[in-house]
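Engineer: This is target_28.pdb (PDB, C-alpha atoms).
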ATOM      1  CA  MET A1365     -44.953  95.150  60.391
ATOM      2  CA  ARG A1366     -43.161  97.571  58.112
ATOM      3  CA  ALA A1367     -39.826  97.461  56.253
ATOM      4  CA  PHE A1368     -38.026 100.524  54.879
ATOM      5  CA  ILE A1369     -36.215  99.616  51.650
ATOM      6  CA  PHE A1370     -33.605 101.551  49.666
ATOM      7  CA  PRO A1371     -32.982 101.437  45.882
ATOM      8  CA  GLY A1372     -29.844 100.392  44.003
ATOM      9  CA  GLN A1373     -28.060 101.421  40.829
ATOM     10  CA  GLY A1374     -30.212 102.225  37.823
ATOM     11  CA  SER A1375     -32.592 104.507  39.731
ATOM     12  CA  GLN A1376     -30.509 107.627  39.029
ATOM     13  CA  ALA A1377     -31.916 110.374  36.787
ATOM     14  CA  VAL A1378     -30.935 113.956  36.023
ATOM     15  CA  GLY A1379     -33.071 116.252  38.168
ATOM     16  CA  MET A1380     -33.173 113.838  41.106
ATOM     17  CA  GLY A1381     -33.579 115.524  44.481
ATOM     18  CA  ALA A1382     -34.013 119.049  43.070
ATOM     19  CA  ALA A1383     -37.694 119.520  43.955
ATOM     20  CA  LEU A1384     -37.224 117.851  47.324
ATOM     21  CA  ALA A1385     -34.276 120.119  48.200
ATOM     22  CA  GLY A1386     -36.463 123.114  47.339
ATOM     23  CA  ALA A1387     -39.159 121.916  49.743
ATOM     24  CA  SER A1388     -37.125 120.526  52.649
ATOM     25  CA  ARG A1389     -34.278 121.968  54.716
ATOM     26  CA  ALA A1390     -33.475 118.475  56.079
ATOM     27  CA  ALA A1391     -33.103 117.155  52.512
ATOM     28  CA  ARG A1392     -30.845 120.096  51.561
ATOM     29  CA  ASP A1393     -28.670 119.338  54.594
ATOM     30  CA  VAL A1394     -28.152 115.771  53.312
ATOM     31  CA  PHE A1395     -27.067 116.938  49.861
ATOM     32  CA  GLU A1396     -24.727 119.573  51.358
ATOM     33  CA  THR A1397     -23.182 117.049  53.774
ATOM     34  CA  VAL A1398     -22.529 114.549  50.959
ATOM     35  CA  ASP A1399     -20.966 117.274  48.771
ATOM     36  CA  GLU A1400     -18.696 118.327  51.644
ATOM     37  CA  ALA A1401     -17.694 114.736  52.467
ATOM     38  CA  LEU A1402     -16.754 114.008  48.841
ATOM     39  CA  GLY A1403     -15.208 117.401  48.042
ATOM     40  CA  GLN A1404     -17.412 117.342  44.934
ATOM     41  CA  ASN A1405     -20.492 119.231  43.775
ATOM     42  CA  LEU A1406     -22.423 115.974  43.370
ATOM     43  CA  PHE A1407     -25.785 117.605  43.968
ATOM     44  CA  ARG A1408     -25.294 119.955  41.023
ATOM     45  CA  LEU A1409     -24.503 116.907  38.859
ATOM     46  CA  MET A1410     -27.689 115.236  40.166
ATOM     47  CA  ARG A1411     -29.781 118.324  39.371
ATOM     48  CA  GLU A1412     -28.255 119.354  36.042
ATOM     49  CA  GLY A1413     -26.324 116.397  34.613
ATOM     50  CA  PRO A1414     -24.843 115.612  32.173
ATOM     51  CA  GLU A1415     -26.466 112.198  32.331
ATOM     52  CA  GLU A1416     -23.319 110.402  31.096
ATOM     53  CA  GLU A1417     -21.382 111.730  34.080
ATOM     54  CA  LEU A1418     -24.165 110.950  36.572
ATOM     55  CA  LYS A1419     -24.327 107.361  35.242
ATOM     56  CA  LEU A1420     -20.662 106.743  36.069
ATOM     57  CA  THR A1421     -20.667 104.190  38.875
ATOM     58  CA  GLU A1422     -18.561 106.343  41.200
ATOM     59  CA  ASN A1423     -21.158 109.162  40.901
ATOM     60  CA  ALA A1424     -24.348 107.107  40.605
ATOM     61  CA  GLN A1425     -23.774 105.159  43.828
ATOM     62  CA  PRO A1426     -23.384 108.125  46.226
ATOM     63  CA  ALA A1427     -26.056 110.077  44.293
ATOM     64  CA  ILE A1428     -28.709 107.367  44.709
ATOM     65  CA  MET A1429     -27.807 107.061  48.386
ATOM     66  CA  ALA A1430     -27.967 110.849  48.901
ATOM     67  CA  ASN A1431     -31.391 111.040  47.261
ATOM     68  CA  ALA A1432     -32.799 108.167  49.343
ATOM     69  CA  LEU A1433     -31.401 109.576  52.583
ATOM     70  CA  ALA A1434     -32.674 113.059  51.752
ATOM     71  CA  VAL A1435     -36.166 111.524  51.564
ATOM     72  CA  PHE A1436     -35.479 109.683  54.830
ATOM     73  CA  ALA A1437     -34.263 112.897  56.515
ATOM     74  CA  ALA A1438     -37.347 114.851  55.420
ATOM     75  CA  LEU A1439     -39.531 112.042  56.761
ATOM     76  CA  THR A1440     -37.757 111.715  60.111
ATOM     77  CA  VAL A1441     -36.566 115.266  60.862
ATOM     78  CA  GLU A1442     -39.522 117.246  59.492
ATOM     79  CA  GLY A1443     -42.172 114.533  59.386
ATOM     80  CA  GLY A1444     -41.441 113.474  62.961
ATOM     81  CA  VAL A1445     -41.218 109.772  62.056
ATOM     82  CA  SER A1446     -38.888 107.629  64.156
ATOM     83  CA  LEU A1447     -37.329 104.681  62.300
ATOM     84  CA  GLU A1448     -37.328 102.608  65.477
ATOM     85  CA  LYS A1449     -41.096 103.041  65.894
ATOM     86  CA  ALA A1450     -42.044 103.113  62.203
ATOM     87  CA  ALA A1451     -40.135 100.103  60.820
ATOM     88  CA  GLN A1452     -39.139  96.692  62.081
ATOM     89  CA  PHE A1453     -36.603  95.988  59.315
ATOM     90  CA  VAL A1454     -34.455  97.780  56.750
ATOM     91  CA  ALA A1455     -33.035  96.426  53.494
ATOM     92  CA  GLY A1456     -31.399  97.821  50.383
ATOM     93  CA  HIS A1457     -30.648  96.541  46.903
ATOM     94  CA  SER A1458     -26.856  96.351  46.395
ATOM     95  CA  LEU A1459     -25.573  99.885  47.136
ATOM     96  CA  GLY A1460     -28.961 100.474  48.824
ATOM     97  CA  GLU A1461     -27.683  98.308  51.665
ATOM     98  CA  TYR A1462     -25.335 101.189  52.610
ATOM     99  CA  SER A1463     -28.288 103.628  52.549
ATOM    100  CA  ALA A1464     -30.252 101.261  54.797
ATOM    101  CA  LEU A1465     -27.345 100.958  57.243
ATOM    102  CA  CYS A1466     -26.899 104.740  57.348
ATOM    103  CA  ALA A1467     -30.628 105.224  58.028
ATOM    104  CA  ALA A1468     -30.377 102.634  60.810
ATOM    105  CA  GLY A1469     -27.406 104.391  62.417
ATOM    106  CA  SER A1470     -24.618 101.939  61.525
ATOM    107  CA  PHE A1471     -22.700 104.559  59.506
ATOM    108  CA  ASP A1472     -22.879 108.340  59.603
ATOM    109  CA  LEU A1473     -23.675 110.147  56.350
ATOM    110  CA  PRO A1474     -20.141 111.372  55.445
ATOM    111  CA  THR A1475     -18.757 107.852  55.989
ATOM    112  CA  THR A1476     -21.514 106.333  53.827
ATOM    113  CA  ALA A1477     -20.802 108.806  51.011
ATOM    114  CA  LYS A1478     -17.049 108.109  51.087
ATOM    115  CA  LEU A1479     -17.533 104.333  51.193
ATOM    116  CA  LEU A1480     -19.860 104.423  48.183
ATOM    117  CA  LYS A1481     -17.544 106.709  46.208
ATOM    118  CA  LEU A1482     -14.723 104.229  46.857
ATOM    119  CA  ARG A1483     -16.975 101.256  46.101
ATOM    120  CA  GLY A1484     -18.048 102.794  42.784
ATOM    121  CA  ARG A1485     -14.466 103.565  41.771
ATOM    122  CA  ALA A1486     -13.218 100.126  42.816
ATOM    123  CA  MET A1487     -16.014  98.318  40.965
ATOM    124  CA  GLN A1488     -15.356 100.361  37.832
ATOM    125  CA  ALA A1489     -11.594  99.728  38.019
ATOM    126  CA  ALA A1490     -11.887  95.984  38.718
ATOM    127  CA  VAL A1491     -12.588  95.062  35.088
ATOM    128  CA  PRO A1492     -11.430  96.944  31.949
ATOM    129  CA  VAL A1493     -14.296  98.580  30.033
ATOM    130  CA  GLY A1494     -15.714  96.194  27.444
ATOM    131  CA  VAL A1495     -14.459  93.004  29.131
ATOM    132  CA  GLY A1496     -17.547  92.443  31.291
ATOM    133  CA  ALA A1497     -21.305  92.820  30.885
ATOM    134  CA  MET A1498     -24.642  92.186  32.578
ATOM    135  CA  ALA A1499     -27.990  91.051  31.172
ATOM    136  CA  ALA A1500     -31.522  90.811  32.504
ATOM    137  CA  LEU A1501     -33.352  87.540  31.897
ATOM    138  CA  LEU A1502     -37.071  88.262  31.846
ATOM    139  CA  GLY A1503     -39.601  85.505  32.419
ATOM    140  CA  ALA A1504     -36.865  83.433  34.074
ATOM    141  CA  ASN A1505     -36.681  82.265  37.654
ATOM    142  CA  LEU A1506     -33.460  81.590  39.564
ATOM    143  CA  GLU A1507     -33.244  77.914  38.569
ATOM    144  CA  LEU A1508     -33.635  78.655  34.855
ATOM    145  CA  ALA A1509     -31.235  81.621  35.028
ATOM    146  CA  ARG A1510     -28.572  79.397  36.594
ATOM    147  CA  LYS A1511     -29.010  76.808  33.818
ATOM    148  CA  ILE A1512     -28.640  79.501  31.133
ATOM    149  CA  ALA A1513     -25.574  81.020  32.855
ATOM    150  CA  ASP A1514     -23.906  77.605  33.257
ATOM    151  CA  ALA A1515     -24.540  76.715  29.613
ATOM    152  CA  ALA A1516     -23.175  80.043  28.379
ATOM    153  CA  ALA A1517     -20.060  80.162  30.575
ATOM    154  CA  GLN A1518     -17.873  77.813  28.480
ATOM    155  CA  GLY A1519     -14.834  78.427  30.666
ATOM    156  CA  GLU A1520     -15.565  82.122  31.266
ATOM    157  CA  VAL A1521     -17.387  83.802  34.181
ATOM    158  CA  CYS A1522     -21.173  83.844  33.760
ATOM    159  CA  THR A1523     -23.186  83.803  36.956
ATOM    160  CA  VAL A1524     -26.387  85.062  38.578
ATOM    161  CA  ALA A1525     -25.840  88.575  39.997
ATOM    162  CA  ASN A1526     -29.322  89.630  41.146
ATOM    163  CA  ASP A1527     -32.264  87.355  41.931
ATOM    164  CA  ASN A1528     -34.717  90.264  41.778
ATOM    165  CA  ASP A1529     -38.149  88.654  41.691
ATOM    166  CA  PRO A1530     -39.820  85.475  40.375
ATOM    167  CA  SER A1531     -39.724  86.748  36.783
ATOM    168  CA  GLN A1532     -36.501  88.777  36.579
ATOM    169  CA  VAL A1533     -32.961  87.584  37.206
ATOM    170  CA  VAL A1534     -29.773  89.435  36.226
ATOM    171  CA  ILE A1535     -26.602  87.642  35.136
ATOM    172  CA  SER A1536     -23.059  89.019  35.106
ATOM    173  CA  GLY A1537     -19.618  88.046  33.823
ATOM    174  CA  HIS A1538     -17.384  88.149  30.750
ATOM    175  CA  ARG A1539     -19.046  90.004  27.866
ATOM    176  CA  GLN A1540     -18.783  87.114  25.391
ATOM    177  CA  ALA A1541     -20.342  84.691  27.881
ATOM    178  CA  ILE A1542     -23.182  87.144  28.598
ATOM    179  CA  GLU A1543     -23.750  87.571  24.857
ATOM    180  CA  ARG A1544     -23.925  83.768  24.478
ATOM    181  CA  ALA A1545     -26.462  83.657  27.333
ATOM    182  CA  ILE A1546     -28.619  86.274  25.599
ATOM    183  CA  GLU A1547     -28.556  84.225  22.374
ATOM    184  CA  MET A1548     -29.585  80.960  24.060
ATOM    185  CA  ALA A1549     -31.983  82.370  26.690
ATOM    186  CA  LYS A1550     -35.169  82.235  24.620
ATOM    187  CA  ASP A1551     -34.554  78.689  23.388
ATOM    188  CA  MET A1552     -33.977  77.621  26.998
ATOM    189  CA  GLY A1553     -37.304  79.068  28.190
ATOM    190  CA  ALA A1554     -36.788  82.736  29.083
ATOM    191  CA  LYS A1555     -39.217  85.252  27.576
ATOM    192  CA  ARG A1556     -36.552  87.802  26.760
ATOM    193  CA  ALA A1557     -32.940  88.675  27.517
ATOM    194  CA  LEU A1558     -31.424  92.106  27.229
ATOM    195  CA  LEU A1559     -27.986  93.613  27.766
ATOM    196  CA  LEU A1560     -27.994  96.172  30.596
ATOM    197  CA  PRO A1561     -26.447  99.634  30.117
ATOM    198  CA  VAL A1562     -23.865  99.215  32.898
ATOM    199  CA  SER A1563     -20.164  99.934  32.824
ATOM    200  CA  ALA A1564     -18.950  96.857  34.732
ATOM    201  CA  PRO A1565     -20.067  93.284  35.586
ATOM    202  CA  PHE A1566     -21.271  93.743  39.178
ATOM    203  CA  HIS A1567     -21.864  90.952  41.720
ATOM    204  CA  CYS A1568     -19.703  88.295  40.093
ATOM    205  CA  PRO A1569     -16.199  86.873  40.762
ATOM    206  CA  LEU A1570     -14.629  89.409  38.355
ATOM    207  CA  MET A1571     -15.289  92.022  41.078
ATOM    208  CA  GLN A1572     -12.762  90.448  43.482
ATOM    209  CA  PRO A1573     -10.328  93.418  43.290
ATOM    210  CA  ALA A1574     -13.211  95.696  44.365
ATOM    211  CA  ALA A1575     -14.098  93.303  47.198
ATOM    212  CA  ASP A1576     -10.471  93.494  48.375
ATOM    213  CA  ALA A1577     -10.592  97.310  48.296
ATOM    214  CA  MET A1578     -13.830  97.332  50.308
ATOM    215  CA  ALA A1579     -12.396  94.825  52.820
ATOM    216  CA  GLU A1580      -9.536  97.235  53.463
ATOM    217  CA  ALA A1581     -11.805 100.301  53.726
ATOM    218  CA  LEU A1582     -14.431  98.606  55.907
ATOM    219  CA  GLY A1583     -11.675  97.142  58.088
ATOM    220  CA  ARG A1584     -10.778 100.647  59.248
ATOM    221  CA  THR A1585     -14.409 101.868  59.490
ATOM    222  CA  ALA A1586     -16.394 101.771  62.725
ATOM    223  CA  ILE A1587     -19.811 100.118  62.298
ATOM    224  CA  ALA A1588     -22.514 100.478  64.953
ATOM    225  CA  ALA A1589     -25.282  97.928  65.448
ATOM    226  CA  PRO A1590     -28.316  99.040  63.381
ATOM    227  CA  ILE A1591     -31.275 100.233  65.498
ATOM    228  CA  VAL A1592     -33.489  97.819  63.544
ATOM    229  CA  PRO A1593     -32.205  94.613  61.876
ATOM    230  CA  LEU A1594     -30.972  94.670  58.276
ATOM    231  CA  PHE A1595     -31.997  91.906  55.871
ATOM    232  CA  ALA A1596     -28.665  91.365  54.110
ATOM    233  CA  ASN A1597     -28.296  90.847  50.346
ATOM    234  CA  VAL A1598     -25.920  87.903  50.581
ATOM    235  CA  THR A1599     -27.877  85.826  53.128
ATOM    236  CA  ALA A1600     -31.467  87.135  52.794
ATOM    237  CA  ALA A1601     -31.514  86.955  56.600
ATOM    238  CA  ALA A1602     -31.691  89.507  59.421
ATOM    239  CA  VAL A1603     -28.389  90.726  60.846
ATOM    240  CA  ALA A1604     -27.481  93.230  63.556
ATOM    241  CA  ASP A1605     -23.917  92.268  64.540
ATOM    242  CA  PRO A1606     -21.444  94.912  63.221
ATOM    243  CA  ASP A1607     -18.651  92.400  62.514
ATOM    244  CA  VAL A1608     -21.009  90.154  60.547
ATOM    245  CA  ILE A1609     -22.308  93.187  58.630
ATOM    246  CA  ARG A1610     -18.716  94.187  57.758
ATOM    247  CA  GLY A1611     -17.984  90.740  56.304
ATOM    248  CA  GLN A1612     -21.260  90.618  54.395
ATOM    249  CA  LEU A1613     -20.668  94.021  52.790
ATOM    250  CA  VAL A1614     -17.364  92.697  51.429
ATOM    251  CA  GLU A1615     -18.972  89.449  50.247
ATOM    252  CA  GLN A1616     -21.779  91.425  48.595
ATOM    253  CA  VAL A1617     -19.379  92.909  45.980
ATOM    254  CA  THR A1618     -18.847  89.516  44.310
ATOM    255  CA  GLY A1619     -21.928  87.735  45.688
ATOM    256  CA  MET A1620     -25.497  87.431  44.468
ATOM    257  CA  VAL A1621     -28.101  89.968  45.601
ATOM    258  CA  ARG A1622     -30.812  87.703  47.023
ATOM    259  CA  TRP A1623     -33.591  90.284  46.806
ATOM    260  CA  ARG A1624     -36.462  87.881  46.088
ATOM    261  CA  GLU A1625     -35.553  85.763  49.102
ATOM    262  CA  SER A1626     -34.991  88.836  51.289
ATOM    263  CA  VAL A1627     -38.511  90.125  50.620
ATOM    264  CA  ALA A1628     -40.004  86.638  51.023
ATOM    265  CA  ASN A1629     -38.173  86.195  54.342
ATOM    266  CA  MET A1630     -39.216  89.623  55.629
ATOM    267  CA  THR A1631     -42.803  88.725  54.718
ATOM    268  CA  ALA A1632     -42.485  85.350  56.478
ATOM    269  CA  THR A1633     -41.188  87.184  59.554
ATOM    270  CA  GLY A1634     -44.303  89.371  59.582
ATOM    271  CA  ALA A1635     -43.629  92.324  57.262
ATOM    272  CA  ASP A1636     -46.809  93.224  55.393
ATOM    273  CA  GLU A1637     -45.839  96.757  54.357
ATOM    274  CA  PHE A1638     -42.799  97.931  52.369
ATOM    275  CA  VAL A1639     -41.819 101.589  52.001
ATOM    276  CA  GLU A1640     -39.307 102.381  49.237
ATOM    277  CA  LEU A1641     -37.452 105.616  49.951
ATOM    278  CA  GLY A1642     -36.170 107.594  46.976
ATOM    279  CA  GLY A1643     -37.201 105.299  44.122
ATOM    280  CA  LYS A1644     -39.927 103.293  42.415
ATOM    281  CA  VAL A1645     -38.070 100.223  41.117
ATOM    282  CA  LEU A1646     -38.067  97.987  44.201
ATOM    283  CA  GLY A1647     -41.788  98.475  44.806
ATOM    284  CA  GLY A1648     -42.643  96.649  41.581
ATOM    285  CA  MET A1649     -40.343  93.776  42.505
ATOM    286  CA  VAL A1650     -41.921  93.523  45.975
ATOM    287  CA  LYS A1651     -45.418  93.301  44.458
ATOM    288  CA  ARG A1652     -44.301  90.390  42.272
ATOM    289  CA  ILE A1653     -42.743  88.615  45.275
ATOM    290  CA  ALA A1654     -45.414  89.401  47.883
ATOM    291  CA  PRO A1655     -48.634  90.335  46.045
ATOM    292  CA  ASP A1656     -50.583  90.857  49.279
ATOM    293  CA  ALA A1657     -48.100  93.309  50.800
ATOM    294  CA  LYS A1658     -48.799  97.029  50.876
ATOM    295  CA  VAL A1659     -46.118  98.859  48.862
ATOM    296  CA  THR A1660     -45.466 102.606  49.045
ATOM    297  CA  SER A1661     -42.890 104.505  46.967
ATOM    298  CA  VAL A1662     -41.831 107.768  48.604
ATOM    299  CA  VAL A1663     -40.074 110.261  46.338
ATOM    300  CA  THR A1664     -41.725 113.709  46.556
ATOM    301  CA  ILE A1665     -42.463 116.008  49.491
ATOM    302  CA  GLU A1666     -46.154 115.156  49.013
ATOM    303  CA  ASP A1667     -45.339 111.434  49.335
ATOM    304  CA  ILE A1668     -43.377 112.182  52.504
ATOM    305  CA  GLU A1669     -46.175 114.242  54.064
ATOM    306  CA  THR A1670     -48.761 111.559  53.250
ATOM    307  CA  LEU A1671     -46.629 108.797  54.764
ATOM    308  CA  ALA A1672     -45.808 110.873  57.880
ATOM    309  CA  LYS A1673     -49.559 111.363  58.506
ATOM    310  CA  GLU A1674     -50.235 107.647  57.965
ATOM    311  CA  ILE A1675     -47.519 106.545  60.366
ATOM    312  CA  ALA A1676     -48.439 109.156  62.983
TER     313      ALA A1676
END
Just give me the structure as structure tokens.
Structural biologist:
Amino acid sequence: MRAFIFPGQGSQAVGMGAALAGASRAARDVFETVDEALGQNLFRLMREGPEEELKLTENAQPAIMANALAVFAALTVEGGVSLEKAAQFVAGHSLGEYSALCAAGSFDLPTTAKLLKLRGRAMQAAVPVGVGAMAALLGANLELARKIADAAAQGEVCTVANDNDPSQVVISGHRQAIERAIEMAKDMGAKRALLLPVSAPFHCPLMQPAADAMAEALGRTAIAAPIVPLFANVTAAAVADPDVIRGQLVEQVTGMVRWRESVANMTATGADEFVELGGKVLGGMVKRIAPDAKVTSVVTIEDIETLAKEIA
């Protein structure tokens, strides 16, 4: 069984999608549709930068989605691969959940682009710059990360944001609490702790204003049942009911991304192959969670052609 998985924030880079757009009409159509939906030349920013502007959350989120779905479009439209026949599950890391839902037919592409633009803006606006922070705890599992976060909180918000794999957990919250966690992490048993170059503390209670904004936006957005089940970030379980998906997307803004459990549960359900579309970050995490699984990262037109032949 195969799962198609979609990357989250941090996988953006200047130049992304340029070669693929040159090689694939279907990919170009995705970039043009996203630009039109947003009233913004996002694809030029993706191709040419500047990097500082691309890294802004409101640009990075739709850009990463557009790149992943351009790969997906080249694979399905030109490669002749049907999602329904090729994959039994979809999943995405944080914003990647929107990419996964778009690929599975729950949202159309313009809607996905607009939702992610709004989500990026709302997440950025939820906390003043400099008030929040995030840190990666390396060589720490979920249990240890929770102990470190609890010890560092001292009345402020400090909580687990992403349970990525057995050796990498990300924490989020007030900057001073995150800095305390970094200082005490090694003494408490983590190998290393480092501040992440992000502009807001994602997936923690400080994001509640952004969750409220997404609740309002998703409340007026039609969601279709995905053609294959989604393994949701907040439950690490399969879901196909549109109303449940709507609620989970709101919860996801402040909730923990349970990526390690999601991959483990997909594997337990029978998935033995994971295909990452438009990135190479999730593949490494999957290998650390499910060492026996086959992992393929699909980024270039050559990757797409190889995978299309394999699946056919």
Engineer: Do you know which residues are at most 10 Å from Leu1420 (chain A) counting all atoms listed in the file, after dropping those on the same chain fewer than 5 positions away, and could you put them as a list in words?
Structural biologist: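 Listed by chain and then number, they are Glu1415, Gln1425, Gly1484, Arg1485, Gln1488, Val1562 and Ser1563 of chain A.
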Engineer: In file coordinates, which residues lie within 12 Å of (-32.3, 85.1, 39.6) using all atoms listed in the file, given as a ChimeraX atom specification?
Structural biologist: /A:1499-1513,1523-1536,1554,1620-1625
Engineer: Find the residues near Gly1494 (chain A): any atom within 9 Å, counting all atoms listed in the file, skip ones fewer than 6 places away on the same chain, and give them as a PyMOL selection string.
Structural biologist: chain A and resi 1538-1539+1563-1564
Engineer: Find the distance between CA of Gln1518 (chain A) and CA of Gln1540 (chain A) and write it in Å to one decimal.
Structural biologist: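 That distance, rounded to one decimal, is 9.8 Å.
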Engineer: Give me the result of the PyMOL selection byres ((chain A and resi 1653) around 8) on this file, residue by residue, as a PyMOL selection string.
Structural biologist: chain A and resi 1529-1530+1624+1627-1628+1649-1652+1654-1655
Engineer: Identify, on the basis of only C-alpha atoms, every residue whose closest approach to Gly1611 (chain A) does not exceed 9 Å; exclude the query and any residue fewer than 5 positions from it along the same chain; express the result as an NGL selection string.
Structural biologist: :A and (1579 or 1582 or 1606 or 1616)
Engineer: For the PyMOL selection byres ((chain A and resi 1394) around 9), applied here, can you spell out every residue it catches as a tab-separated table (two decimals) with C-alpha atoms, in the frame of the given file?
Structural biologist:
chain	number	residue	atom	x	y	z
A	1389	ARG	CA	-34.28	121.97	54.72
A	1390	ALA	CA	-33.48	118.48	56.08
A	1391	ALA	CA	-33.10	117.16	52.51
A	1392	ARG	CA	-30.84	120.10	51.56
A	1393	ASP	CA	-28.67	119.34	54.59
A	1395	PHE	CA	-27.07	116.94	49.86
A	1396	GLU	CA	-24.73	119.57	51.36
A	1397	THR	CA	-23.18	117.05	53.77
A	1398	VAL	CA	-22.53	114.55	50.96
A	1399	ASP	CA	-20.97	117.27	48.77
A	1430	ALA	CA	-27.97	110.85	48.90
A	1431	ASN	CA	-31.39	111.04	47.26
A	1433	LEU	CA	-31.40	109.58	52.58
A	1434	ALA	CA	-32.67	113.06	51.75
A	1437	ALA	CA	-34.26	112.90	56.52
A	1473	LEU	CA	-23.68	110.15	56.35
Engineer: Residues at most 10 Å from Phe1436 (chain A), counting all atoms listed in the file, excluding those fewer than 4 positions away in the same chain, as a PyMOL selection string?
Structural biologist: chain A and resi 1368+1370+1390-1391+1394+1430-1432+1440-1443+1445+1447+1463-1464+1467+1640-1642+1662-1663+1668
Engineer: Restricting the calculation to all atoms listed in the file, which member of A:Gly1444, A:Pro1569, A:Gly1460, A:Gly1413 is positioned closest to Ile1428 (chain A)?
Structural biologist: A:Gly1460
Engineer: Give the answer as one residue: which of A:Ala1490, A:Met1578, A:Met1498, A:Leu1594 has the shortest atom-to-atom distance to Val1614 (chain A), using all atoms listed in the file?
Structural biologist: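 Closest to Val1614 (chain A), using all atoms listed in the file: A:Met1578.
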Engineer: What does the distance between CA of Ser1661 (chain A) and CA of Arg1483 (chain A) come to in Å, to one decimal place?
Structural biologist: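 Rounded to one decimal, the two atoms are 26.1 Å apart.
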Engineer: To one decimal place, how far is CA of Glu1400 (chain A) from CA of Thr1476 (chain A) in Å?
Structural biologist: 12.5 Å
Engineer: Select, counting only C-alpha atoms, all protein, DNA and RNA residues no farther than 7 Å from (-41.1, 98.7, 51.1) in file coordinates, and express the selection as a list in words.
Structural biologist: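 Selection result: Ala1367, Phe1368, Ile1369, Glu1637, Phe1638, Val1639, Glu1640, Gly1647, Val1659 and Thr1660 of chain A.
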Engineer: Enumerate, as a ChimeraX atom specification, the residues matched when the PyMOL selection byres ((chain A and resi 1424) around 9) is run on the file above.
Structural biologist: /A:1373-1376,1410,1417-1423,1425-1429,1481,1484
Engineer: Which residue out of A:Pro1590, A:Arg1556, A:Asp1636, A:Ala1672 has the minimum interatomic distance to Tyr1462 (chain A) when only C-alpha atoms are used?
Structural biologist: A:Pro1590
Engineer: Could you tell me which of A:Val1378, A:Val1608, A:Ala1517, A:Ala1575 comes closest to Pro1414 (chain A) if we count only C-alpha atoms?
Structural biologist: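 Under the stated criterion, the closest residue is A:Val1378.
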Engineer: Could I see region 1633-1646 of chain A restored to N, CA and C atoms, set down as a PDB file, in the frame of the given file?
Structural biologist:
ATOM      1  N   THR A1633     -41.452  86.745  58.182  1.00  0.00           N
ATOM      2  CA  THR A1633     -41.188  87.184  59.554  1.00  0.00           C
ATOM      3  C   THR A1633     -42.270  88.137  60.055  1.00  0.00           C
ATOM      4  N   GLY A1634     -43.178  88.541  59.156  1.00  0.00           N
ATOM      5  CA  GLY A1634     -44.303  89.371  59.582  1.00  0.00           C
ATOM      6  C   GLY A1634     -44.463  90.692  58.866  1.00  0.00           C
ATOM      7  N   ALA A1635     -43.511  91.054  57.989  1.00  0.00           N
ATOM      8  CA  ALA A1635     -43.629  92.324  57.262  1.00  0.00           C
ATOM      9  C   ALA A1635     -44.780  92.245  56.261  1.00  0.00           C
ATOM     10  N   ASP A1636     -45.705  93.182  56.360  1.00  0.00           N
ATOM     11  CA  ASP A1636     -46.809  93.224  55.393  1.00  0.00           C
ATOM     12  C   ASP A1636     -46.886  94.583  54.699  1.00  0.00           C
ATOM     13  N   GLU A1637     -45.890  95.442  54.991  1.00  0.00           N
ATOM     14  CA  GLU A1637     -45.839  96.757  54.357  1.00  0.00           C
ATOM     15  C   GLU A1637     -44.388  97.106  54.047  1.00  0.00           C
ATOM     16  N   PHE A1638     -44.149  97.567  52.815  1.00  0.00           N
ATOM     17  CA  PHE A1638     -42.799  97.931  52.369  1.00  0.00           C
ATOM     18  C   PHE A1638     -42.822  99.369  51.872  1.00  0.00           C
ATOM     19  N   VAL A1639     -41.907 100.179  52.391  1.00  0.00           N
ATOM     20  CA  VAL A1639     -41.819 101.589  52.001  1.00  0.00           C
ATOM     21  C   VAL A1639     -40.479 101.802  51.298  1.00  0.00           C
ATOM     22  N   GLU A1640     -40.536 102.113  50.001  1.00  0.00           N
ATOM     23  CA  GLU A1640     -39.307 102.381  49.237  1.00  0.00           C
ATOM     24  C   GLU A1640     -39.015 103.873  49.284  1.00  0.00           C
ATOM     25  N   LEU A1641     -37.828 104.217  49.773  1.00  0.00           N
ATOM     26  CA  LEU A1641     -37.452 105.616  49.951  1.00  0.00           C
ATOM     27  C   LEU A1641     -36.534 106.061  48.824  1.00  0.00           C
ATOM     28  N   GLY A1642     -37.013 107.010  48.011  1.00  0.00           N
ATOM     29  CA  GLY A1642     -36.170 107.594  46.976  1.00  0.00           C
ATOM     30  C   GLY A1642     -36.162 106.859  45.654  1.00  0.00           C
ATOM     31  N   GLY A1643     -37.149 106.009  45.402  1.00  0.00           N
ATOM     32  CA  GLY A1643     -37.201 105.299  44.122  1.00  0.00           C
ATOM     33  C   GLY A1643     -38.525 104.584  43.928  1.00  0.00           C
ATOM     34  N   LYS A1644     -38.681 104.001  42.744  1.00  0.00           N
ATOM     35  CA  LYS A1644     -39.927 103.293  42.415  1.00  0.00           C
ATOM     36  C   LYS A1644     -39.684 101.932  41.788  1.00  0.00           C
ATOM     37  N   VAL A1645     -38.415 101.489  41.778  1.00  0.00           N
ATOM     38  CA  VAL A1645     -38.070 100.223  41.117  1.00  0.00           C
ATOM     39  C   VAL A1645     -38.350  99.027  42.022  1.00  0.00           C
ATOM     40  N   LEU A1646     -37.936  99.125  43.284  1.00  0.00           N
ATOM     41  CA  LEU A1646     -38.067  97.987  44.201  1.00  0.00           C
ATOM     42  C   LEU A1646     -39.524  97.662  44.497  1.00  0.00           C
TER      43      LEU A1646
END
